[in-house]
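Text of the file entry_2.txt, holding compact mmCIF, C-alpha atoms:
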```
# COMPACT_ATOMS: atom_id res chain seq x y z
CA MET A 1 -8.50 -69.65 32.43
CA ILE A 2 -7.97 -69.53 28.67
CA LEU A 3 -8.21 -72.51 26.34
CA ARG A 4 -5.02 -72.83 24.29
CA ASN A 5 -4.11 -75.45 21.71
CA ARG A 6 -1.31 -77.02 19.73
CA LEU A 7 -3.47 -77.82 16.73
CA LYS A 8 -1.20 -76.10 14.23
CA GLU A 9 1.77 -78.21 15.36
CA ARG A 10 -0.33 -81.39 15.36
CA ARG A 11 -1.62 -80.60 11.88
CA ALA A 12 1.93 -79.96 10.66
CA ALA A 13 2.93 -83.34 12.09
CA LEU A 14 0.14 -84.94 10.07
CA ASN A 15 1.29 -82.96 7.02
CA VAL A 16 -2.21 -81.80 6.06
CA ASN A 17 -3.53 -78.34 5.28
CA GLN A 18 -6.48 -76.68 7.06
CA GLN A 19 -8.88 -77.78 4.33
CA GLU A 20 -7.89 -81.42 4.65
CA MET A 21 -7.89 -81.23 8.46
CA GLY A 22 -11.39 -79.78 8.34
CA ARG A 23 -12.53 -82.59 6.08
CA LEU A 24 -11.03 -85.23 8.39
CA CYS A 25 -12.75 -83.67 11.42
CA GLY A 26 -16.06 -82.98 9.65
CA VAL A 27 -15.82 -79.20 9.95
CA SER A 28 -14.95 -76.28 7.68
CA ARG A 29 -11.49 -74.90 7.00
CA GLN A 30 -12.52 -71.69 8.75
CA THR A 31 -13.32 -73.55 11.96
CA ILE A 32 -9.87 -75.17 11.98
CA SER A 33 -8.39 -71.72 11.33
CA LEU A 34 -10.44 -70.17 14.17
CA ILE A 35 -9.38 -72.90 16.61
CA GLU A 36 -5.71 -72.52 15.66
CA ARG A 37 -5.91 -68.77 16.19
CA GLY A 38 -7.58 -69.29 19.58
CA ASP A 39 -10.70 -67.45 18.41
CA TYR A 40 -13.01 -70.43 18.87
CA SER A 41 -13.30 -72.98 21.67
CA PRO A 42 -14.55 -76.22 20.15
CA SER A 43 -17.24 -78.43 21.67
CA VAL A 44 -16.16 -81.52 23.59
CA THR A 45 -17.25 -83.66 20.63
CA LEU A 46 -15.12 -81.69 18.19
CA ALA A 47 -12.13 -81.56 20.57
CA LEU A 48 -12.28 -85.35 20.94
CA THR A 49 -12.63 -85.77 17.16
CA ILE A 50 -9.60 -83.54 16.53
CA ALA A 51 -7.56 -85.48 19.08
CA LYS A 52 -8.63 -88.77 17.48
CA VAL A 53 -7.68 -87.53 14.00
CA CYS A 54 -4.30 -86.42 15.36
CA GLY A 55 -3.86 -89.76 17.12
CA VAL A 56 -3.26 -88.17 20.52
CA THR A 57 -5.24 -87.37 23.67
CA VAL A 58 -7.32 -84.21 24.01
CA GLU A 59 -4.85 -82.85 26.57
CA ASP A 60 -2.07 -83.16 23.98
CA VAL A 61 -3.93 -80.76 21.71
CA PHE A 62 -5.87 -78.55 24.14
CA TYR A 63 -4.79 -77.15 27.50
CA LEU A 64 -5.89 -74.47 29.95
CA GLN A 65 -3.67 -71.50 30.70
CA GLU A 66 -3.96 -69.04 33.56
CA GLU A 67 -4.93 -65.52 32.46
CA GLU A 68 -2.08 -63.03 32.63
CA GLU A 69 -2.01 -60.30 35.32
CA ASN A 70 -2.57 -57.53 32.76
CA GLY A 71 -5.48 -59.36 31.22
CA GLN A 72 -7.19 -59.70 34.62
CA GLN A 73 -6.74 -56.04 35.45
CA GLN A 74 -8.41 -55.01 32.21
CA MET B 1 -26.83 -54.09 50.13
CA ASP B 2 -24.19 -54.73 47.45
CA ASN B 3 -26.91 -55.86 45.08
CA ASN B 4 -28.85 -52.65 45.77
CA ASN B 5 -25.79 -50.55 45.01
CA GLU B 6 -25.23 -52.42 41.78
CA ILE B 7 -28.85 -51.84 40.72
CA LYS B 8 -28.50 -48.10 41.47
CA LYS B 9 -25.17 -47.98 39.63
CA ALA B 10 -26.72 -49.68 36.56
CA ASN B 11 -29.66 -47.24 36.68
CA ARG B 12 -27.32 -44.24 36.89
CA LYS B 13 -25.31 -45.59 33.95
CA ALA B 14 -28.39 -46.11 31.77
CA MET B 15 -30.03 -42.79 32.73
CA PRO B 16 -28.16 -40.45 30.27
CA LYS B 17 -29.13 -42.57 27.26
CA PHE B 18 -32.72 -42.79 28.45
CA MET B 19 -32.83 -39.00 28.98
CA LEU B 20 -31.38 -38.44 25.50
CA ILE B 21 -34.14 -40.58 23.96
CA MET B 22 -36.74 -38.62 25.93
CA VAL B 23 -35.30 -35.26 24.77
CA VAL B 24 -35.18 -36.39 21.11
CA SER B 25 -38.78 -37.68 21.38
CA LEU B 26 -39.80 -34.34 22.91
CA LEU B 27 -38.14 -32.40 20.10
CA VAL B 28 -39.72 -34.55 17.36
CA GLY B 29 -43.13 -34.41 19.03
CA SER B 30 -43.04 -30.66 19.64
CA THR B 31 -41.83 -29.93 16.08
CA THR B 32 -44.61 -32.07 14.60
CA GLY B 33 -47.14 -30.47 16.94
CA PHE B 34 -45.93 -26.97 16.08
CA CYS B 35 -46.13 -27.65 12.34
CA ALA B 36 -49.58 -29.20 12.74
CA ALA B 37 -50.81 -26.21 14.75
CA LYS B 38 -49.27 -23.59 12.45
CA TYR B 39 -50.11 -25.06 9.07
CA GLY B 40 -53.12 -27.13 10.00
CA LEU B 41 -53.33 -30.92 10.01
CA ASN B 42 -55.08 -31.11 6.67
CA THR B 43 -52.51 -28.90 4.92
CA LEU B 44 -49.70 -31.00 6.37
CA ALA B 45 -51.42 -34.27 5.40
CA ASP B 46 -52.17 -32.98 1.90
CA GLY B 47 -48.56 -31.83 1.52
CA MET B 48 -47.31 -35.27 2.54
CA LYS B 49 -49.70 -36.99 0.13
CA SER B 50 -48.65 -34.73 -2.76
CA ALA B 51 -44.99 -35.32 -1.98
CA GLY B 52 -45.61 -39.08 -1.83
CA ALA B 53 -47.50 -39.07 -5.15
CA PHE B 54 -44.73 -37.05 -6.82
CA PHE B 55 -42.09 -39.38 -5.40
CA GLY B 56 -43.99 -42.45 -6.63
CA ALA B 57 -44.68 -41.10 -10.12
CA TYR B 58 -41.46 -39.29 -10.96
CA ILE B 59 -38.65 -40.20 -8.54
CA ALA B 60 -39.11 -43.86 -7.52
CA PRO B 61 -38.91 -45.29 -11.09
CA TRP B 62 -35.71 -43.41 -11.89
CA LEU B 63 -34.24 -44.40 -8.51
CA MET B 64 -34.90 -48.02 -9.47
CA LEU B 65 -33.14 -47.53 -12.78
CA ALA B 66 -30.26 -45.82 -10.99
CA ALA B 67 -30.05 -48.68 -8.46
CA ALA B 68 -29.99 -51.16 -11.37
CA VAL B 69 -26.91 -49.36 -12.72
CA ILE B 70 -25.17 -48.49 -9.43
CA ALA B 71 -25.52 -51.92 -7.74
CA PRO B 72 -23.57 -53.87 -10.41
CA ALA B 73 -21.17 -50.93 -10.91
CA VAL B 74 -20.23 -51.26 -7.23
CA CYS B 75 -20.57 -55.04 -6.85
CA VAL B 76 -18.89 -56.36 -9.99
CA PRO B 77 -15.44 -54.79 -9.27
CA ILE B 78 -15.57 -56.07 -5.66
CA TYR B 79 -16.60 -59.52 -6.89
CA LYS B 80 -13.85 -59.53 -9.53
CA SER B 81 -11.25 -58.57 -6.94
CA ALA B 82 -12.50 -61.43 -4.72
CA LYS B 83 -12.24 -63.82 -7.68
CA LYS B 84 -8.71 -62.59 -8.37
CA LEU B 85 -7.75 -63.25 -4.76
CA LEU B 86 -9.46 -66.64 -4.94
CA SER B 87 -7.47 -67.69 -8.00
CA SER B 88 -4.20 -66.75 -6.29
CA TRP B 89 -5.16 -68.28 -2.91
CA ASP B 90 -3.01 -71.21 -1.84
CA GLY B 91 -5.75 -72.75 0.32
CA GLU B 92 -3.86 -71.87 3.51
CA ASN B 93 -3.30 -68.09 3.79
CA GLU B 94 -5.88 -66.87 6.33
CA GLU B 95 -5.58 -63.18 5.49
CA THR B 96 -6.44 -63.89 1.86
CA SER B 97 -9.39 -66.14 2.71
CA ASP B 98 -10.69 -63.56 5.20
CA ALA B 99 -10.41 -60.85 2.52
CA ILE B 100 -12.28 -63.07 0.03
CA ASP B 101 -15.06 -63.79 2.55
CA LYS B 102 -15.36 -60.10 3.43
CA LYS B 103 -15.61 -58.98 -0.19
CA LEU B 104 -18.19 -61.63 -1.08
CA SER B 105 -20.25 -60.79 2.02
CA ILE B 106 -20.25 -57.10 1.05
CA VAL B 107 -21.43 -57.95 -2.47
CA ILE B 108 -24.26 -60.16 -1.15
CA TRP B 109 -25.20 -57.42 1.33
CA ILE B 110 -25.36 -54.68 -1.35
CA THR B 111 -27.36 -56.80 -3.82
CA SER B 112 -29.82 -57.85 -1.08
CA ALA B 113 -30.27 -54.21 -0.04
CA ALA B 114 -30.82 -53.19 -3.70
CA LEU B 115 -33.39 -55.96 -4.09
CA ILE B 116 -35.33 -54.88 -0.98
CA LEU B 117 -35.12 -51.24 -2.06
CA SER B 118 -36.53 -52.19 -5.47
CA TYR B 119 -39.57 -53.87 -3.82
CA PHE B 120 -40.29 -50.63 -1.99
CA LEU B 121 -39.74 -48.48 -5.08
CA ILE B 122 -41.95 -50.63 -7.33
CA ALA B 123 -44.74 -50.32 -4.72
CA ALA B 124 -44.18 -46.55 -4.65
CA SER B 125 -44.41 -46.46 -8.47
CA TYR B 126 -47.71 -48.37 -8.38
CA SER B 127 -49.15 -46.17 -5.63
CA GLY B 128 -50.49 -43.63 -8.13
CA GLY B 129 -52.88 -46.26 -9.52
CA PHE B 130 -54.28 -45.94 -13.05
CA GLU B 131 -53.88 -42.14 -12.89
CA THR B 132 -50.21 -42.80 -13.66
CA PHE B 133 -51.16 -43.67 -17.26
CA GLU B 134 -52.98 -40.39 -17.85
CA ASN B 135 -49.74 -38.42 -18.03
CA GLU B 136 -47.14 -39.18 -20.71
CA ASN B 137 -44.18 -38.28 -18.49
CA SER B 138 -45.29 -40.50 -15.66
CA VAL B 139 -45.94 -43.38 -18.09
CA VAL B 140 -42.33 -43.10 -19.34
CA SER B 141 -41.10 -42.99 -15.72
CA PHE B 142 -43.27 -45.97 -14.83
CA PHE B 143 -41.90 -48.20 -17.61
CA ALA B 144 -38.34 -47.05 -16.88
CA GLY B 145 -38.97 -48.19 -13.32
CA ILE B 146 -40.28 -51.57 -14.49
CA VAL B 147 -37.11 -52.06 -16.56
CA GLY B 148 -35.01 -51.07 -13.53
CA PHE B 149 -36.95 -53.42 -11.26
CA PHE B 150 -36.46 -56.49 -13.46
CA ALA B 151 -32.83 -55.53 -14.06
CA ILE B 152 -32.23 -55.47 -10.27
CA LEU B 153 -33.99 -58.84 -9.88
CA VAL B 154 -31.83 -60.48 -12.55
CA GLU B 155 -28.63 -58.82 -11.33
CA ALA B 156 -29.27 -59.83 -7.71
CA VAL B 157 -29.89 -63.48 -8.63
CA ILE B 158 -26.85 -63.71 -10.93
CA ILE B 159 -24.42 -61.82 -8.69
CA GLN B 160 -25.50 -63.69 -5.56
CA GLN B 161 -25.26 -67.02 -7.38
CA LYS B 162 -21.72 -66.11 -8.48
CA CYS B 163 -20.81 -65.17 -4.89
CA VAL B 164 -22.24 -68.39 -3.45
CA ASP B 165 -20.34 -70.38 -6.09
CA ALA B 166 -17.15 -68.56 -5.10
CA VAL B 167 -17.84 -69.33 -1.41
CA LYS B 168 -18.33 -72.98 -2.38
CA LYS B 169 -14.85 -73.02 -3.94
CA THR B 170 -13.31 -72.02 -0.60
CA ASN B 171 -15.71 -74.34 1.26
CA PRO B 172 -16.04 -77.59 -0.73
CA GLU B 173 -18.33 -79.09 1.95
CA LYS B 174 -21.03 -76.64 0.88
CA THR B 175 -22.95 -77.87 -2.14
CA ALA B 176 -26.39 -76.20 -2.02
CA SER B 177 -27.46 -74.27 -5.13
CA VAL B 178 -29.06 -70.83 -4.86
CA TYR B 179 -31.70 -72.03 -7.33
CA ASP B 180 -32.74 -74.78 -4.92
CA THR B 181 -36.00 -73.98 -3.10
CA LYS B 182 -34.51 -75.54 0.05
CA PHE B 183 -31.25 -73.59 -0.28
CA GLN B 184 -31.28 -72.10 3.22
CA LYS B 185 -32.01 -75.43 4.91
CA LYS B 186 -29.35 -77.26 2.89
CA TRP B 187 -26.83 -74.48 3.56
CA MET B 188 -27.54 -74.63 7.30
CA ASP B 189 -27.21 -78.42 7.27
CA SER B 190 -23.75 -78.08 5.74
CA CYS B 191 -22.61 -75.62 8.43
CA ASP B 192 -20.50 -76.92 11.31
CA GLU B 193 -20.80 -75.95 15.00
CA ALA B 194 -18.67 -72.79 14.75
CA GLU B 195 -20.60 -71.53 11.75
CA LYS B 196 -23.93 -72.28 13.46
CA ILE B 197 -22.83 -70.32 16.54
CA MET B 198 -21.86 -67.40 14.30
CA ILE B 199 -25.20 -67.58 12.48
CA GLY B 200 -26.96 -67.70 15.88
CA LYS B 201 -25.12 -64.57 17.07
CA CYS B 202 -25.97 -62.74 13.84
CA ALA B 203 -29.60 -63.87 14.13
CA VAL B 204 -29.88 -62.52 17.69
CA LYS B 205 -28.53 -59.14 16.53
CA ALA B 206 -31.00 -59.14 13.62
CA TYR B 207 -33.85 -60.12 15.99
CA SER B 208 -32.92 -57.33 18.36
CA ALA B 209 -32.62 -54.76 15.55
CA THR B 210 -35.96 -55.83 14.04
CA ASN B 211 -37.63 -55.45 17.45
CA THR B 212 -36.22 -51.95 17.88
CA VAL B 213 -37.21 -50.88 14.36
CA CYS B 214 -40.71 -52.35 14.77
CA THR B 215 -41.18 -50.54 18.11
CA VAL B 216 -40.17 -47.19 16.63
CA LEU B 217 -42.21 -47.74 13.46
CA ALA B 218 -45.32 -48.89 15.34
CA ILE B 219 -45.27 -45.69 17.41
CA ALA B 220 -44.48 -43.45 14.43
CA LEU B 221 -47.19 -45.06 12.27
CA ALA B 222 -49.77 -44.79 15.06
CA VAL B 223 -49.02 -41.05 15.28
CA CYS B 224 -49.07 -40.74 11.47
CA ALA B 225 -52.44 -42.53 11.30
CA LEU B 226 -53.82 -39.82 13.58
CA ILE B 227 -52.09 -36.83 11.99
CA PHE B 228 -51.83 -37.72 8.31
CA GLY B 229 -54.68 -40.19 7.99
CA ILE B 230 -52.51 -42.92 6.44
CA GLY B 231 -54.89 -45.64 7.68
CA PHE B 232 -54.03 -48.74 9.69
CA LEU B 233 -52.52 -50.90 6.91
CA PRO B 234 -48.90 -49.76 7.49
CA SER B 235 -49.31 -50.39 11.24
CA LEU B 236 -50.82 -53.80 10.51
CA VAL B 237 -47.85 -54.78 8.34
CA VAL B 238 -45.28 -53.61 10.89
CA CYS B 239 -47.10 -55.34 13.76
CA LEU B 240 -47.40 -58.52 11.69
CA ILE B 241 -43.64 -58.56 11.12
CA TRP B 242 -43.12 -57.85 14.83
CA ILE B 243 -45.45 -60.67 15.93
CA VAL B 244 -43.84 -63.17 13.52
CA ASN B 245 -40.37 -62.13 14.72
CA GLN B 246 -41.31 -62.50 18.40
CA SER B 247 -43.33 -65.69 17.92
CA VAL B 248 -40.66 -67.52 15.94
CA TYR B 249 -38.00 -66.52 18.46
CA CYS B 250 -40.12 -67.59 21.47
CA ARG B 251 -41.19 -70.86 19.82
CA GLU B 252 -37.60 -71.78 18.96
CA ALA B 253 -36.42 -70.74 22.46
CA LEU B 254 -39.01 -73.10 23.97
CA ARG B 255 -37.91 -75.95 21.70
CA TYR B 256 -34.22 -75.39 22.48
CA SER B 257 -34.82 -75.10 26.23
CA LYS B 258 -36.14 -78.68 26.18
CA ALA B 259 -33.83 -80.21 23.60
CA GLY B 260 -30.49 -78.47 24.19
CA ASN B 261 -28.46 -78.38 21.01
CA LYS B 262 -30.10 -81.42 19.41
CA ILE B 263 -32.30 -79.33 17.08
CA SER B 264 -30.67 -78.13 13.90
```
Have the structure of the file written as structure tokens, please.
Amino acid sequence: MILRNRLKERRAALNVNQQEMGRLCGVSRQTISLIERGDYSPSVTLALTIAKVCGVTVEDVFYLQEEEENGQQQ
Amino acid sequence: MDNNNEIKKANRKAMPKFMLIMVVSLLVGSTTGFCAAKYGLNTLADGMKSAGAFFGAYIAPWLMLAAAVIAPAVCVPIYKSAKKLLSSWDGENEETSDAIDKKLSIVIWITSAALILSYFLIAASYSGGFETFENENSVVSFFAGIVGFFAILVEAVIIQQKCVDAVKKTNPEKTASVYDTKFQKKWMDSCDEAEKIMIGKCAVKAYSATNTVCTVLAIALAVCALIFGIGFLPSLVVCLIWIVNQSVYCREALRYSKAGNKIS
């Protein structure tokens, strides 16, 4: 299972840049960038904070996706 | 049975690397032994000492001066290109911010390496003792080295401060000054969870590399103490670094095993 997210869309809906989003969530711009790219899985605390800032539930921002066949074979 | 097979498979996989290390060790050992037998231990030791004295008196000072010129010649253009990217950065483009971070990290890496190199070279310059001042050429070299050493110190502080200030522009949450005696603690405190994980991963790599280097050096220096009569001080220093490295790691591991991620 891979953790995916819709943070970029949620951030666009809030009309804030990564820097501002990071400030609202108490993390750096790089961390927001890493999460959006799927290169970093946030802690439960951070995931909840992000969801709270976006005004949605955690499941609206983060979701699990089955690994693809090719990915499993590798 | 499956577990047994897996253990055998892992052993078979690791065997070529282990054999390679053994062969290299054999070659190094036999070459050293051959040289020692052919030329005599004393001749070899004297040759090494003469080479070391020559390096300290005539090469190390000029290397320091060269490092004082080369380090900024390499770092300043990279820093300037990072600054140029920074001024054109819109605060959003990830490729640009990654490029800025990479360039600044390279500059900090080079200046740190130059600084460490200068500590070694100044010690090498001093190693001749007061005999250095008996020869006019070596006195000139010595003072050239001193100039180079202080130049590297100043350059490293200024360039690194500039880099940290540039990093602070892309990361406004970071406010620590490089001139602050508690810089590292303050910087760590301003790092978020992702940055702390990254620092942790880097620290484990550094811990592992230091252990490997200390192991190799401890063996090499023990052999050198026997062959070249270099004394036990180098071994003591290496083992001290090794013990500190191991002890700090083990102490922190014990603390974290009890407290989870509640220790910063």
Please, which residues in chain A fall within 7 Å of chain B when counting only C-alpha atoms, and what is the closest atom pair and distance in Å to one decimal for each, ordered by chain then residue number, as CSV?
```
residue,atom,partner,partner_atom,distance
A:Asn17,CA,B:Glu92,CA,6.7
A:Gln18,CA,B:Glu92,CA,6.5
A:Val27,CA,B:Asp192,CA,5.4
A:Ser28,CA,B:Asp192,CA,6.7
A:Thr31,CA,B:Ala194,CA,6.1
```
Please measure the separation of atom CA of B:Leu221 and atom CA of B:Thr32, giving the value in Å to one decimal. 13.4 Å
Which neighbours of A:Gln65 fall inside 7 Å, counting all atoms listed in the file, when residues of the same chain fewer than 2 positions from it are skipped, and could you give them as a list in words? Met1, Ile2, Leu3, Arg4, Tyr63 and Glu67 of chain A
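Using all atoms listed in the file, the shortest contact distance between B:Ala53 and any of B:Val238, B:Met22, B:Val167, B:Ala124 is found at B:Ala124.
Atom CA of B:Ser208 sits 27.1 Å away from atom CA of B:Gly231.
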Near stretch 38-49 of chain B, counting all atoms listed in the file, which residues have an atom at most 10 Å away, once you skip same-chain residues fewer than 3 positions from it, shown as a list in words? Thr32, Gly33, Phe34, Cys35, Gly52, Ala53, Phe54, Phe55, Cys224, Leu226, Ile227, Phe228, Gly229 and Ile230 of chain B
Let me see the file: selected residues, C-alpha atoms, as a PDB file, in the coordinates of the input.
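Generated file (out.pdb):
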```pdb
ATOM      1  CA  THR B  32     -44.610 -32.070  14.600  1.00  0.00           C
ATOM      2  CA  GLY B  33     -47.140 -30.470  16.940  1.00  0.00           C
ATOM      3  CA  PHE B  34     -45.930 -26.970  16.080  1.00  0.00           C
ATOM      4  CA  CYS B  35     -46.130 -27.650  12.340  1.00  0.00           C
ATOM      5  CA  GLY B  52     -45.610 -39.080  -1.830  1.00  0.00           C
ATOM      6  CA  ALA B  53     -47.500 -39.070  -5.150  1.00  0.00           C
ATOM      7  CA  PHE B  54     -44.730 -37.050  -6.820  1.00  0.00           C
ATOM      8  CA  PHE B  55     -42.090 -39.380  -5.400  1.00  0.00           C
ATOM      9  CA  CYS B 224     -49.070 -40.740  11.470  1.00  0.00           C
ATOM     10  CA  LEU B 226     -53.820 -39.820  13.580  1.00  0.00           C
ATOM     11  CA  ILE B 227     -52.090 -36.830  11.990  1.00  0.00           C
ATOM     12  CA  PHE B 228     -51.830 -37.720   8.310  1.00  0.00           C
ATOM     13  CA  GLY B 229     -54.680 -40.190   7.990  1.00  0.00           C
ATOM     14  CA  ILE B 230     -52.510 -42.920   6.440  1.00  0.00           C
TER      15      ILE B 230
END
```
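Atom pair atom CA of B:Gln246 / atom CA of B:Lys205 has a distance of 13.3 Å (rounded to one decimal).
Residues lying within 7 Å of B:Leu121, counting all atoms listed in the file and ignoring same-chain neighbours fewer than 4 positions away, are Ala60, Pro61, Met64, Leu117 and Ser125 of chain B.
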Any chance you can output those residues with C-alpha atoms as a PDB file, keeping the file's coordinate frame?
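Contents of selection.pdb, as written:
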```pdb
ATOM      1  CA  ALA B  60     -39.110 -43.860  -7.520  1.00  0.00           C
ATOM      2  CA  PRO B  61     -38.910 -45.290 -11.090  1.00  0.00           C
ATOM      3  CA  MET B  64     -34.900 -48.020  -9.470  1.00  0.00           C
ATOM      4  CA  LEU B 117     -35.120 -51.240  -2.060  1.00  0.00           C
ATOM      5  CA  SER B 125     -44.410 -46.460  -8.470  1.00  0.00           C
TER       6      SER B 125
END
```
Residues around (-40.3, -53.2, -14.0), cut-off 10 Å, counting all atoms listed in the file - what are they as a list in words? Pro61, Met64, Leu65, Ser118, Ile122, Ser125, Phe142, Phe143, Ala144, Gly145, Ile146, Val147, Gly148, Phe149, Phe150, Ala151, Ile152 and Leu153 of chain B
